[in-house]
Amino acid sequence: ESVLPPTHRSEYGSSRGSYPDDNDELQRKRTFSSRGSKETQITTPGTSISSHNNSPGVLNAISVSDQELELFDLPNWKTTCILIDLYYRYIHPSRPFLQPKHRFVCHLNVRKDASLLHAMFSSSCRFASPQMIPNQNLRDSQHWYFLAEKFWDLLDLESSLQAMVLLSGSLGPGGYVQQAIEGSERLLRLMNFNKVLTTLQIDTDYESYAQVATKRQMLLREDLLRTIWGSWKLNVFLRINRGFPFNQISDQLLGFEPNLQFPSSDSAYNVNLSLFDTNDNISPNSLKYRTWKDIEEELRLASTNSAVYKSFNDADLVIMAIKTVEDIMNTICQGKLTLGEVVSCNSKIKLIQDITNSSLYQISHIKKKILILNVSKIFGL
């Protein structure tokens with residue numbers, strides 16, 4: 001089994017020969033590795049980490065040597081930063097399941113995260129111009145597919161799940177749809193073996209959980225929730241791309257999990273504030289994740305009361321929209337698309353549209369002439 005293109009048929013998690021350990025000397029040379037400066041500074045969250053400046057917000061303490069990157073088949077630090085920037089500029093807004101860029105970079109461990117970086121770059125490299133990255137090999141997705149396999153055994157569980165979603169999301173648009181499906185099947189098996197869905201259950205004792213959980217644990221839990229939802233979204237998109245009559249593409253893919261908690265809002269998640277109150281304490285209320293049953297009840301109320309619209313956040317709306325698409329495909333493939341079903345589906349779509357449009361943008365508090373659009377809600381539309 002493999003989620004790689006036919007030209008690279010090794011298997012994730014299989015024996016692939018040796019890889020560098022902590023004591024290896026930095027001796028190997030790569031044709032794509034620049035021998036320029038050894039270190040690059042990273043700017044503040046929300047800015048380009050590949051830009052070089054001496055502004056007060058620069059995180060001076062963060063740098064990675066070119067030798068360490070070379071050891072794990074990554075380009076020099078400047079090019080690596082460009083590819084990370086491109087990922088968060090073009091991929092992350094529509095698939096916000098990796099931690100926000102500033103947290104990702106601050107916690108980056110090249111040895112442990114090499115395959116995750118390779119998986120990220122398999123998508124972001126498509127947005128690199130020859131002026132940004134002259135080496136054509138580094139702008140080729142297949143180059144990164146192969147490298148992601150090489151250091152796979154160094155990934156922890158959460159990172160391997162994220163890398164699988166990243167690779168499957170890149171392989172599908174790259175023309176390797178079957179490999180993308182196989183990767184999603186492997187992800188479900190890995191989740192089942194490790195009882196991931198079970199470990200995410202909090203039940204109702206939110207106060208006690210808040211007292212024992214650390215902030216990092218809570219953020220990592222949110223990361224994992226988002227990865228699972230990201231895998232389901234990808235499976236729906238793969239099914240759509242198969243076209244009419246929209247039959248199930250596999251019975252071994254993660255389906256919609258009605259009992260899985262919905263993630264926090266994308267906008268709050270991207271600034272790491274969703275779990276904390278104004279005193280920087282974990283807020284028990286923020287741990288009261290909702291499930292599909294709660295969302296359905298709020299949708300029922302919203303159909304007759306627009307005041308309920310504000311109870312839905314951006315992440316809710318995207319999941320609701322994709323769930324509606326999945327329900328429509330199920331109706332079509334089962335041959336049950338009657339006139340009554342069409343009317344029902346249209347009313348659901350109209351309601352989601354109305355809720356989304358009610359808070360699609362806000363006026364900047366700093367510059368009153370600037371409209372701030374919520375990208376997640378745009379994807380929901």
# chains A, B, ... in the order shown; residues from 1 in each chain; ligands from 1
>>> residues_around(residues="segment 86-98 of chain A", least_positions_apart="6", cutoff="8 Å", atoms="only C-alpha atoms", output="list in words")
Phe104, Met120, Phe121, Ser123, Ser124, Cys125, Phe127, Ala128, Gln162, Asp223, Leu224, Arg226, Thr227, Gly230, Asp266, Val375, Ser376 and Phe379 of chain A
>>> write_last_selection(atoms="C-alpha atoms", output="PDB file, in the first residue's frame")
ATOM      1  CA  PHE A 104       4.661  25.718  13.979  1.00  0.00           C
ATOM      2  CA  MET A 120       3.705  20.455   3.319  1.00  0.00           C
ATOM      3  CA  PHE A 121       6.052  21.338   0.479  1.00  0.00           C
ATOM      4  CA  SER A 123       1.518  21.312  -2.000  1.00  0.00           C
ATOM      5  CA  SER A 124       3.201  24.656  -1.436  1.00  0.00           C
ATOM      6  CA  CYS A 125       5.899  24.093  -4.080  1.00  0.00           C
ATOM      7  CA  PHE A 127       2.948  28.174  -5.871  1.00  0.00           C
ATOM      8  CA  ALA A 128       6.663  28.882  -6.122  1.00  0.00           C
ATOM      9  CA  GLN A 162      -1.216  15.357   9.582  1.00  0.00           C
ATOM     10  CA  ASP A 223      -4.755  20.256  16.360  1.00  0.00           C
ATOM     11  CA  LEU A 224      -5.769  16.595  16.405  1.00  0.00           C
ATOM     12  CA  ARG A 226      -8.798  19.580  13.148  1.00  0.00           C
ATOM     13  CA  THR A 227      -6.699  16.886  11.489  1.00  0.00           C
ATOM     14  CA  GLY A 230      -9.576  17.709   7.648  1.00  0.00           C
ATOM     15  CA  ASP A 266     -10.624  29.185  12.721  1.00  0.00           C
ATOM     16  CA  VAL A 375     -11.624  33.412   4.625  1.00  0.00           C
ATOM     17  CA  SER A 376     -13.105  30.314   6.298  1.00  0.00           C
ATOM     18  CA  PHE A 379     -14.956  28.720   1.727  1.00  0.00           C
TER      19      PHE A 379
END
>>> residues_around(residues="Leu317 of chain A", least_positions_apart="2", cutoff="10 Å", atoms="only C-alpha atoms", output="NGL selection string")
:A and (265 or 295 or 312-315 or 319-323 or 352-353 or 355-356 or 376-381)
>>> write_last_selection(atoms="N, CA and C atoms", output="mmCIF file, in the first residue's frame")
data_model
loop_
_atom_site.group_PDB
_atom_site.id
_atom_site.type_symbol
_atom_site.label_atom_id
_atom_site.label_comp_id
_atom_site.auth_asym_id
_atom_site.auth_seq_id
_atom_site.Cartn_x
_atom_site.Cartn_y
_atom_site.Cartn_z
ATOM 1 N N SER A 265 -13.287 28.057 16.581
ATOM 2 C CA SER A 265 -13.322 28.890 15.376
ATOM 3 C C SER A 265 -11.944 29.010 14.758
ATOM 4 N N ILE A 295 -25.359 21.148 16.779
ATOM 5 C CA ILE A 295 -25.423 22.001 15.587
ATOM 6 C C ILE A 295 -26.783 21.876 14.905
ATOM 7 N N PHE A 312 -23.017 30.357 15.523
ATOM 8 C CA PHE A 312 -22.185 29.546 14.629
ATOM 9 C C PHE A 312 -20.873 30.268 14.345
ATOM 10 N N ASN A 313 -19.765 29.564 14.472
ATOM 11 C CA ASN A 313 -18.495 30.174 14.106
ATOM 12 C C ASN A 313 -18.088 29.742 12.696
ATOM 13 N N ASP A 314 -16.956 30.243 12.216
ATOM 14 C CA ASP A 314 -16.539 29.972 10.843
ATOM 15 C C ASP A 314 -16.266 28.495 10.585
ATOM 16 N N ALA A 315 -15.638 27.801 11.539
ATOM 17 C CA ALA A 315 -15.365 26.371 11.355
ATOM 18 C C ALA A 315 -16.660 25.565 11.293
ATOM 19 N N ILE A 319 -17.946 23.062 7.985
ATOM 20 C CA ILE A 319 -18.358 21.661 8.181
ATOM 21 C C ILE A 319 -19.812 21.472 7.793
ATOM 22 N N MET A 320 -20.681 22.411 8.169
ATOM 23 C CA MET A 320 -22.088 22.332 7.791
ATOM 24 C C MET A 320 -22.253 22.311 6.276
ATOM 25 N N ALA A 321 -21.500 23.154 5.580
ATOM 26 C CA ALA A 321 -21.611 23.218 4.126
ATOM 27 C C ALA A 321 -21.169 21.904 3.482
ATOM 28 N N ILE A 322 -20.037 21.361 3.959
ATOM 29 C CA ILE A 322 -19.534 20.108 3.379
ATOM 30 C C ILE A 322 -20.447 18.944 3.718
ATOM 31 N N LYS A 323 -21.000 18.948 4.929
ATOM 32 C CA LYS A 323 -21.952 17.894 5.315
ATOM 33 C C LYS A 323 -23.180 17.950 4.408
ATOM 34 N N ILE A 352 -27.642 28.143 5.386
ATOM 35 C CA ILE A 352 -26.197 28.266 5.614
ATOM 36 C C ILE A 352 -25.664 29.533 4.958
ATOM 37 N N GLN A 353 -26.170 29.840 3.771
ATOM 38 C CA GLN A 353 -25.754 31.062 3.078
ATOM 39 C C GLN A 353 -26.140 32.297 3.876
ATOM 40 N N ILE A 355 -26.693 32.540 7.130
ATOM 41 C CA ILE A 355 -25.885 32.609 8.355
ATOM 42 C C ILE A 355 -24.485 33.135 8.039
ATOM 43 N N THR A 356 -23.913 32.638 6.958
ATOM 44 C CA THR A 356 -22.556 33.048 6.581
ATOM 45 C C THR A 356 -22.509 34.524 6.212
ATOM 46 N N SER A 376 -12.416 31.590 6.044
ATOM 47 C CA SER A 376 -13.105 30.314 6.298
ATOM 48 C C SER A 376 -14.571 30.401 5.877
ATOM 49 N N LYS A 377 -15.212 31.524 6.164
ATOM 50 C CA LYS A 377 -16.624 31.658 5.792
ATOM 51 C C LYS A 377 -16.789 31.765 4.275
ATOM 52 N N ILE A 378 -15.807 32.352 3.618
ATOM 53 C CA ILE A 378 -15.862 32.400 2.146
ATOM 54 C C ILE A 378 -15.831 30.982 1.589
ATOM 55 N N PHE A 379 -14.990 30.119 2.194
ATOM 56 C CA PHE A 379 -14.956 28.720 1.727
ATOM 57 C C PHE A 379 -16.276 28.018 2.042
ATOM 58 N N GLY A 380 -16.914 28.419 3.148
ATOM 59 C CA GLY A 380 -18.227 27.846 3.451
ATOM 60 C C GLY A 380 -19.248 28.177 2.383
ATOM 61 N N LEU A 381 -19.177 29.398 1.863
ATOM 62 C CA LEU A 381 -20.090 29.779 0.761
ATOM 63 C C LEU A 381 -19.788 28.968 -0.484
#
>>> residues_around(residues="Glu185 of chain A", least_positions_apart="5", cutoff="9 Å", atoms="only C-alpha atoms", output="list in words")
Ala180, Leu190, Ser250, Asp251, Gln252, Leu253 and Leu254 of chain A
>>> write_last_selection(atoms="all heavy atoms", output="PDB file, in the first residue's frame")
ATOM      1  N   ALA A 180      -4.223   8.914  -3.382  1.00  0.00           N
ATOM      2  CA  ALA A 180      -4.797   9.771  -2.340  1.00  0.00           C
ATOM      3  C   ALA A 180      -5.818   8.989  -1.512  1.00  0.00           C
ATOM      4  O   ALA A 180      -5.865   9.110  -0.284  1.00  0.00           O
ATOM      5  CB  ALA A 180      -5.446  10.995  -2.969  1.00  0.00           C
ATOM      6  N   LEU A 190      -4.786   3.687  11.030  1.00  0.00           N
ATOM      7  CA  LEU A 190      -3.890   4.168  12.083  1.00  0.00           C
ATOM      8  C   LEU A 190      -4.693   4.784  13.229  1.00  0.00           C
ATOM      9  O   LEU A 190      -4.367   4.577  14.407  1.00  0.00           O
ATOM     10  CB  LEU A 190      -2.920   5.201  11.502  1.00  0.00           C
ATOM     11  CG  LEU A 190      -1.813   5.705  12.427  1.00  0.00           C
ATOM     12  CD1 LEU A 190      -0.933   4.545  12.893  1.00  0.00           C
ATOM     13  CD2 LEU A 190      -0.967   6.760  11.728  1.00  0.00           C
ATOM     14  N   SER A 250     -14.853   4.314  -1.272  1.00  0.00           N
ATOM     15  CA  SER A 250     -14.269   3.244  -0.471  1.00  0.00           C
ATOM     16  C   SER A 250     -15.031   3.151   0.835  1.00  0.00           C
ATOM     17  O   SER A 250     -15.479   4.170   1.379  1.00  0.00           O
ATOM     18  CB  SER A 250     -12.782   3.521  -0.189  1.00  0.00           C
ATOM     19  OG  SER A 250     -12.270   2.603   0.764  1.00  0.00           O
ATOM     20  N   ASP A 251     -15.159   1.931   1.345  1.00  0.00           N
ATOM     21  CA  ASP A 251     -15.811   1.771   2.649  1.00  0.00           C
ATOM     22  C   ASP A 251     -14.787   1.776   3.775  1.00  0.00           C
ATOM     23  O   ASP A 251     -15.115   1.508   4.927  1.00  0.00           O
ATOM     24  CB  ASP A 251     -16.648   0.493   2.688  1.00  0.00           C
ATOM     25  CG  ASP A 251     -15.819  -0.764   2.431  1.00  0.00           C
ATOM     26  OD1 ASP A 251     -14.589  -0.644   2.208  1.00  0.00           O
ATOM     27  OD2 ASP A 251     -16.398  -1.867   2.447  1.00  0.00           O
ATOM     28  N   GLN A 252     -13.528   2.078   3.431  1.00  0.00           N
ATOM     29  CA  GLN A 252     -12.455   2.112   4.424  1.00  0.00           C
ATOM     30  C   GLN A 252     -11.956   3.532   4.687  1.00  0.00           C
ATOM     31  O   GLN A 252     -10.839   3.728   5.151  1.00  0.00           O
ATOM     32  CB  GLN A 252     -11.285   1.237   3.942  1.00  0.00           C
ATOM     33  CG  GLN A 252     -11.632  -0.213   3.713  1.00  0.00           C
ATOM     34  CD  GLN A 252     -12.113  -0.897   4.985  1.00  0.00           C
ATOM     35  OE1 GLN A 252     -11.518  -0.715   6.051  1.00  0.00           O
ATOM     36  NE2 GLN A 252     -13.186  -1.665   4.890  1.00  0.00           N
ATOM     37  N   LEU A 253     -12.780   4.524   4.367  1.00  0.00           N
ATOM     38  CA  LEU A 253     -12.420   5.918   4.589  1.00  0.00           C
ATOM     39  C   LEU A 253     -13.143   6.460   5.816  1.00  0.00           C
ATOM     40  O   LEU A 253     -14.244   6.010   6.150  1.00  0.00           O
ATOM     41  CB  LEU A 253     -12.774   6.775   3.379  1.00  0.00           C
ATOM     42  CG  LEU A 253     -12.054   6.473   2.064  1.00  0.00           C
ATOM     43  CD1 LEU A 253     -12.558   7.411   0.970  1.00  0.00           C
ATOM     44  CD2 LEU A 253     -10.551   6.596   2.213  1.00  0.00           C
ATOM     45  N   LEU A 254     -12.531   7.428   6.463  1.00  0.00           N
ATOM     46  CA  LEU A 254     -13.176   8.079   7.593  1.00  0.00           C
ATOM     47  C   LEU A 254     -14.449   8.771   7.128  1.00  0.00           C
ATOM     48  O   LEU A 254     -14.425   9.586   6.212  1.00  0.00           O
ATOM     49  CB  LEU A 254     -12.218   9.113   8.207  1.00  0.00           C
ATOM     50  CG  LEU A 254     -12.767   9.945   9.366  1.00  0.00           C
ATOM     51  CD1 LEU A 254     -13.002   9.060  10.591  1.00  0.00           C
ATOM     52  CD2 LEU A 254     -11.807  11.083   9.710  1.00  0.00           C
TER      53      LEU A 254
END
>>> atom_distance(atom1="atom CA of Leu166 of chain A", atom2="atom CA of Pro245 of chain A")
26.8 Å
>>> select_by_dssp(residues="segment 160-349 of chain A", states="helix (DSSP H, G or I)", output="PDB file with C-alpha atoms, in the first residue's frame")
ATOM      1  CA  SER A 160       1.994  11.226  10.832  1.00  0.00           C
ATOM      2  CA  LEU A 161      -1.787  11.769  10.675  1.00  0.00           C
ATOM      3  CA  GLN A 162      -1.216  15.357   9.582  1.00  0.00           C
ATOM      4  CA  ALA A 163       1.327  14.288   6.968  1.00  0.00           C
ATOM      5  CA  MET A 164      -1.093  11.719   5.550  1.00  0.00           C
ATOM      6  CA  VAL A 165      -3.804  14.352   5.163  1.00  0.00           C
ATOM      7  CA  LEU A 166      -1.289  16.721   3.547  1.00  0.00           C
ATOM      8  CA  LEU A 167      -0.025  14.120   1.080  1.00  0.00           C
ATOM      9  CA  SER A 168      -3.489  12.877   0.161  1.00  0.00           C
ATOM     10  CA  GLY A 169      -4.587  16.467  -0.366  1.00  0.00           C
ATOM     11  CA  SER A 170      -1.640  17.021  -2.680  1.00  0.00           C
ATOM     12  CA  LEU A 171      -1.821  13.711  -4.557  1.00  0.00           C
ATOM     13  CA  VAL A 177      -6.439  10.095  -7.021  1.00  0.00           C
ATOM     14  CA  GLN A 178      -6.157   6.380  -6.210  1.00  0.00           C
ATOM     15  CA  GLN A 179      -2.994   6.976  -4.201  1.00  0.00           C
ATOM     16  CA  ALA A 180      -4.797   9.771  -2.340  1.00  0.00           C
ATOM     17  CA  ILE A 181      -7.631   7.360  -1.494  1.00  0.00           C
ATOM     18  CA  GLU A 182      -5.157   4.712  -0.304  1.00  0.00           C
ATOM     19  CA  GLY A 183      -3.491   7.271   1.933  1.00  0.00           C
ATOM     20  CA  SER A 184      -6.827   8.189   3.501  1.00  0.00           C
ATOM     21  CA  GLU A 185      -7.561   4.503   4.091  1.00  0.00           C
ATOM     22  CA  ARG A 186      -4.237   4.107   5.904  1.00  0.00           C
ATOM     23  CA  LEU A 187      -5.057   7.113   8.058  1.00  0.00           C
ATOM     24  CA  LEU A 188      -8.312   5.531   9.250  1.00  0.00           C
ATOM     25  CA  ARG A 189      -6.550   2.278  10.130  1.00  0.00           C
ATOM     26  CA  LEU A 190      -3.890   4.168  12.083  1.00  0.00           C
ATOM     27  CA  MET A 191      -6.606   6.082  13.939  1.00  0.00           C
ATOM     28  CA  ASN A 192      -8.452   2.863  14.782  1.00  0.00           C
ATOM     29  CA  PHE A 193      -5.332   1.067  16.007  1.00  0.00           C
ATOM     30  CA  VAL A 196      -7.853   8.245  18.477  1.00  0.00           C
ATOM     31  CA  LEU A 197     -11.567   9.034  18.504  1.00  0.00           C
ATOM     32  CA  THR A 198     -11.956   7.464  21.941  1.00  0.00           C
ATOM     33  CA  THR A 199      -9.095   9.462  23.448  1.00  0.00           C
ATOM     34  CA  TYR A 206     -15.049  20.252  31.691  1.00  0.00           C
ATOM     35  CA  GLU A 207     -14.093  21.961  34.959  1.00  0.00           C
ATOM     36  CA  SER A 208     -11.930  19.073  36.180  1.00  0.00           C
ATOM     37  CA  TYR A 209     -10.302  18.709  32.787  1.00  0.00           C
ATOM     38  CA  ALA A 210      -9.386  22.402  32.713  1.00  0.00           C
ATOM     39  CA  GLN A 211      -7.711  22.072  36.098  1.00  0.00           C
ATOM     40  CA  VAL A 212      -5.324  19.301  35.012  1.00  0.00           C
ATOM     41  CA  LYS A 215      -2.239  24.911  27.577  1.00  0.00           C
ATOM     42  CA  ARG A 216      -0.021  22.985  25.200  1.00  0.00           C
ATOM     43  CA  GLN A 217      -2.078  19.825  25.733  1.00  0.00           C
ATOM     44  CA  MET A 218      -5.239  21.727  24.908  1.00  0.00           C
ATOM     45  CA  LEU A 219      -3.768  23.197  21.745  1.00  0.00           C
ATOM     46  CA  LEU A 220      -2.455  19.804  20.620  1.00  0.00           C
ATOM     47  CA  ARG A 221      -5.891  18.336  21.225  1.00  0.00           C
ATOM     48  CA  GLU A 222      -7.389  21.033  19.016  1.00  0.00           C
ATOM     49  CA  ASP A 223      -4.755  20.256  16.360  1.00  0.00           C
ATOM     50  CA  LEU A 224      -5.769  16.595  16.405  1.00  0.00           C
ATOM     51  CA  LEU A 225      -9.481  17.419  16.186  1.00  0.00           C
ATOM     52  CA  ARG A 226      -8.798  19.580  13.148  1.00  0.00           C
ATOM     53  CA  THR A 227      -6.699  16.886  11.489  1.00  0.00           C
ATOM     54  CA  ILE A 228      -9.546  14.379  11.780  1.00  0.00           C
ATOM     55  CA  TRP A 229     -12.080  16.832  10.386  1.00  0.00           C
ATOM     56  CA  GLY A 230      -9.576  17.709   7.648  1.00  0.00           C
ATOM     57  CA  SER A 231      -9.355  14.062   6.611  1.00  0.00           C
ATOM     58  CA  TRP A 232     -13.149  13.773   6.371  1.00  0.00           C
ATOM     59  CA  LYS A 233     -13.377  16.971   4.305  1.00  0.00           C
ATOM     60  CA  LEU A 234     -10.727  15.616   1.927  1.00  0.00           C
ATOM     61  CA  ASN A 235     -12.660  12.355   1.506  1.00  0.00           C
ATOM     62  CA  VAL A 236     -15.769  14.312   0.517  1.00  0.00           C
ATOM     63  CA  PHE A 237     -13.782  16.305  -2.050  1.00  0.00           C
ATOM     64  CA  LEU A 238     -12.280  13.126  -3.509  1.00  0.00           C
ATOM     65  CA  ARG A 239     -15.784  11.724  -3.900  1.00  0.00           C
ATOM     66  CA  ILE A 240     -17.014  14.881  -5.612  1.00  0.00           C
ATOM     67  CA  ASN A 241     -14.144  14.719  -8.085  1.00  0.00           C
ATOM     68  CA  ARG A 242     -15.139  11.172  -9.049  1.00  0.00           C
ATOM     69  CA  ASP A 266     -10.624  29.185  12.721  1.00  0.00           C
ATOM     70  CA  SER A 267     -10.015  32.861  13.431  1.00  0.00           C
ATOM     71  CA  ALA A 268      -9.467  32.230  17.154  1.00  0.00           C
ATOM     72  CA  TYR A 269      -7.370  29.128  16.506  1.00  0.00           C
ATOM     73  CA  PRO A 284     -13.749  25.736  31.027  1.00  0.00           C
ATOM     74  CA  ASN A 285     -16.462  27.128  28.760  1.00  0.00           C
ATOM     75  CA  SER A 286     -14.120  26.842  25.793  1.00  0.00           C
ATOM     76  CA  LEU A 287     -13.836  23.091  26.409  1.00  0.00           C
ATOM     77  CA  TRP A 292     -23.485  17.487  15.265  1.00  0.00           C
ATOM     78  CA  LYS A 293     -26.548  16.987  17.492  1.00  0.00           C
ATOM     79  CA  ASP A 294     -25.996  20.436  19.005  1.00  0.00           C
ATOM     80  CA  ILE A 295     -25.423  22.001  15.587  1.00  0.00           C
ATOM     81  CA  GLU A 296     -28.612  20.438  14.183  1.00  0.00           C
ATOM     82  CA  GLU A 297     -30.657  21.874  17.047  1.00  0.00           C
ATOM     83  CA  GLU A 298     -29.166  25.330  16.524  1.00  0.00           C
ATOM     84  CA  LEU A 299     -29.866  25.089  12.791  1.00  0.00           C
ATOM     85  CA  ARG A 300     -33.491  24.247  13.554  1.00  0.00           C
ATOM     86  CA  LEU A 301     -33.757  27.319  15.761  1.00  0.00           C
ATOM     87  CA  ALA A 302     -31.932  29.496  13.238  1.00  0.00           C
ATOM     88  CA  SER A 306     -31.964  34.994  12.868  1.00  0.00           C
ATOM     89  CA  ALA A 307     -30.666  35.927  16.332  1.00  0.00           C
ATOM     90  CA  VAL A 308     -29.324  32.368  16.574  1.00  0.00           C
ATOM     91  CA  TYR A 309     -26.987  33.021  13.617  1.00  0.00           C
ATOM     92  CA  LYS A 310     -24.287  34.380  15.930  1.00  0.00           C
ATOM     93  CA  SER A 311     -23.963  31.017  17.687  1.00  0.00           C
ATOM     94  CA  ASP A 314     -16.539  29.972  10.843  1.00  0.00           C
ATOM     95  CA  ALA A 315     -15.365  26.371  11.355  1.00  0.00           C
ATOM     96  CA  ASP A 316     -18.970  25.298  12.050  1.00  0.00           C
ATOM     97  CA  LEU A 317     -20.138  26.806   8.766  1.00  0.00           C
ATOM     98  CA  VAL A 318     -17.514  25.052   6.658  1.00  0.00           C
ATOM     99  CA  ILE A 319     -18.358  21.661   8.181  1.00  0.00           C
ATOM    100  CA  MET A 320     -22.088  22.332   7.791  1.00  0.00           C
ATOM    101  CA  ALA A 321     -21.611  23.218   4.126  1.00  0.00           C
ATOM    102  CA  ILE A 322     -19.534  20.108   3.379  1.00  0.00           C
ATOM    103  CA  LYS A 323     -21.952  17.894   5.315  1.00  0.00           C
ATOM    104  CA  THR A 324     -24.781  19.267   3.150  1.00  0.00           C
ATOM    105  CA  VAL A 325     -22.818  18.407   0.010  1.00  0.00           C
ATOM    106  CA  GLU A 326     -22.201  14.888   1.323  1.00  0.00           C
ATOM    107  CA  ASP A 327     -25.901  14.427   2.126  1.00  0.00           C
ATOM    108  CA  ILE A 328     -26.811  15.525  -1.416  1.00  0.00           C
ATOM    109  CA  MET A 329     -24.345  13.030  -2.932  1.00  0.00           C
ATOM    110  CA  ASN A 330     -25.785  10.258  -0.737  1.00  0.00           C
ATOM    111  CA  THR A 331     -29.286  11.125  -1.921  1.00  0.00           C
ATOM    112  CA  ILE A 332     -28.234  11.104  -5.581  1.00  0.00           C
ATOM    113  CA  CYS A 333     -26.289   7.819  -5.474  1.00  0.00           C
ATOM    114  CA  LEU A 339     -38.663  17.063  -5.817  1.00  0.00           C
ATOM    115  CA  GLY A 340     -39.245  17.152  -2.077  1.00  0.00           C
ATOM    116  CA  GLU A 341     -35.577  16.332  -1.440  1.00  0.00           C
ATOM    117  CA  VAL A 342     -34.497  19.102  -3.805  1.00  0.00           C
ATOM    118  CA  VAL A 343     -36.635  21.613  -1.918  1.00  0.00           C
ATOM    119  CA  SER A 344     -35.224  20.404   1.415  1.00  0.00           C
ATOM    120  CA  CYS A 345     -31.620  20.612   0.206  1.00  0.00           C
ATOM    121  CA  ASN A 346     -32.169  24.069  -1.223  1.00  0.00           C
ATOM    122  CA  SER A 347     -33.585  25.311   2.073  1.00  0.00           C
ATOM    123  CA  LYS A 348     -30.520  23.992   3.949  1.00  0.00           C
ATOM    124  CA  ILE A 349     -28.173  25.665   1.490  1.00  0.00           C
TER     125      ILE A 349
END
>>> residues_around(residues="segment 133-148 of chain A", least_positions_apart="6", cutoff="6 Å", atoms="only C-alpha atoms", output="list of chain:residue names")
A:Ser115, A:His118, A:Ala119, A:Ser122, A:Cys125
>>> write_last_selection(atoms="all heavy atoms", output="compact mmCIF listing (two decimals), in the first residue's frame")
# COMPACT_ATOMS: atom_id res chain seq x y z
N SER A 115 9.57 14.79 7.59
CA SER A 115 8.56 14.26 6.67
C SER A 115 7.32 15.15 6.63
O SER A 115 6.66 15.26 5.59
CB SER A 115 8.15 12.83 7.08
OG SER A 115 9.15 11.91 6.71
N HIS A 118 8.24 17.89 4.29
CA HIS A 118 8.20 17.40 2.91
C HIS A 118 6.75 17.32 2.42
O HIS A 118 6.46 17.66 1.27
CB HIS A 118 8.85 16.01 2.83
CG HIS A 118 10.31 16.03 3.13
ND1 HIS A 118 10.94 14.97 3.77
CD2 HIS A 118 11.27 16.95 2.90
CE1 HIS A 118 12.23 15.25 3.91
NE2 HIS A 118 12.46 16.45 3.39
N ALA A 119 5.85 16.84 3.31
CA ALA A 119 4.44 16.74 2.93
C ALA A 119 3.84 18.11 2.68
O ALA A 119 3.07 18.32 1.73
CB ALA A 119 3.66 16.00 4.01
N SER A 122 4.97 19.46 -0.68
CA SER A 122 4.40 18.81 -1.87
C SER A 122 3.22 19.62 -2.42
O SER A 122 2.89 19.52 -3.60
CB SER A 122 3.95 17.38 -1.55
OG SER A 122 2.82 17.37 -0.68
N CYS A 125 4.93 23.89 -3.00
CA CYS A 125 5.90 24.09 -4.08
C CYS A 125 5.23 24.50 -5.39
O CYS A 125 5.85 25.13 -6.24
CB CYS A 125 6.75 22.84 -4.28
SG CYS A 125 5.90 21.44 -5.05
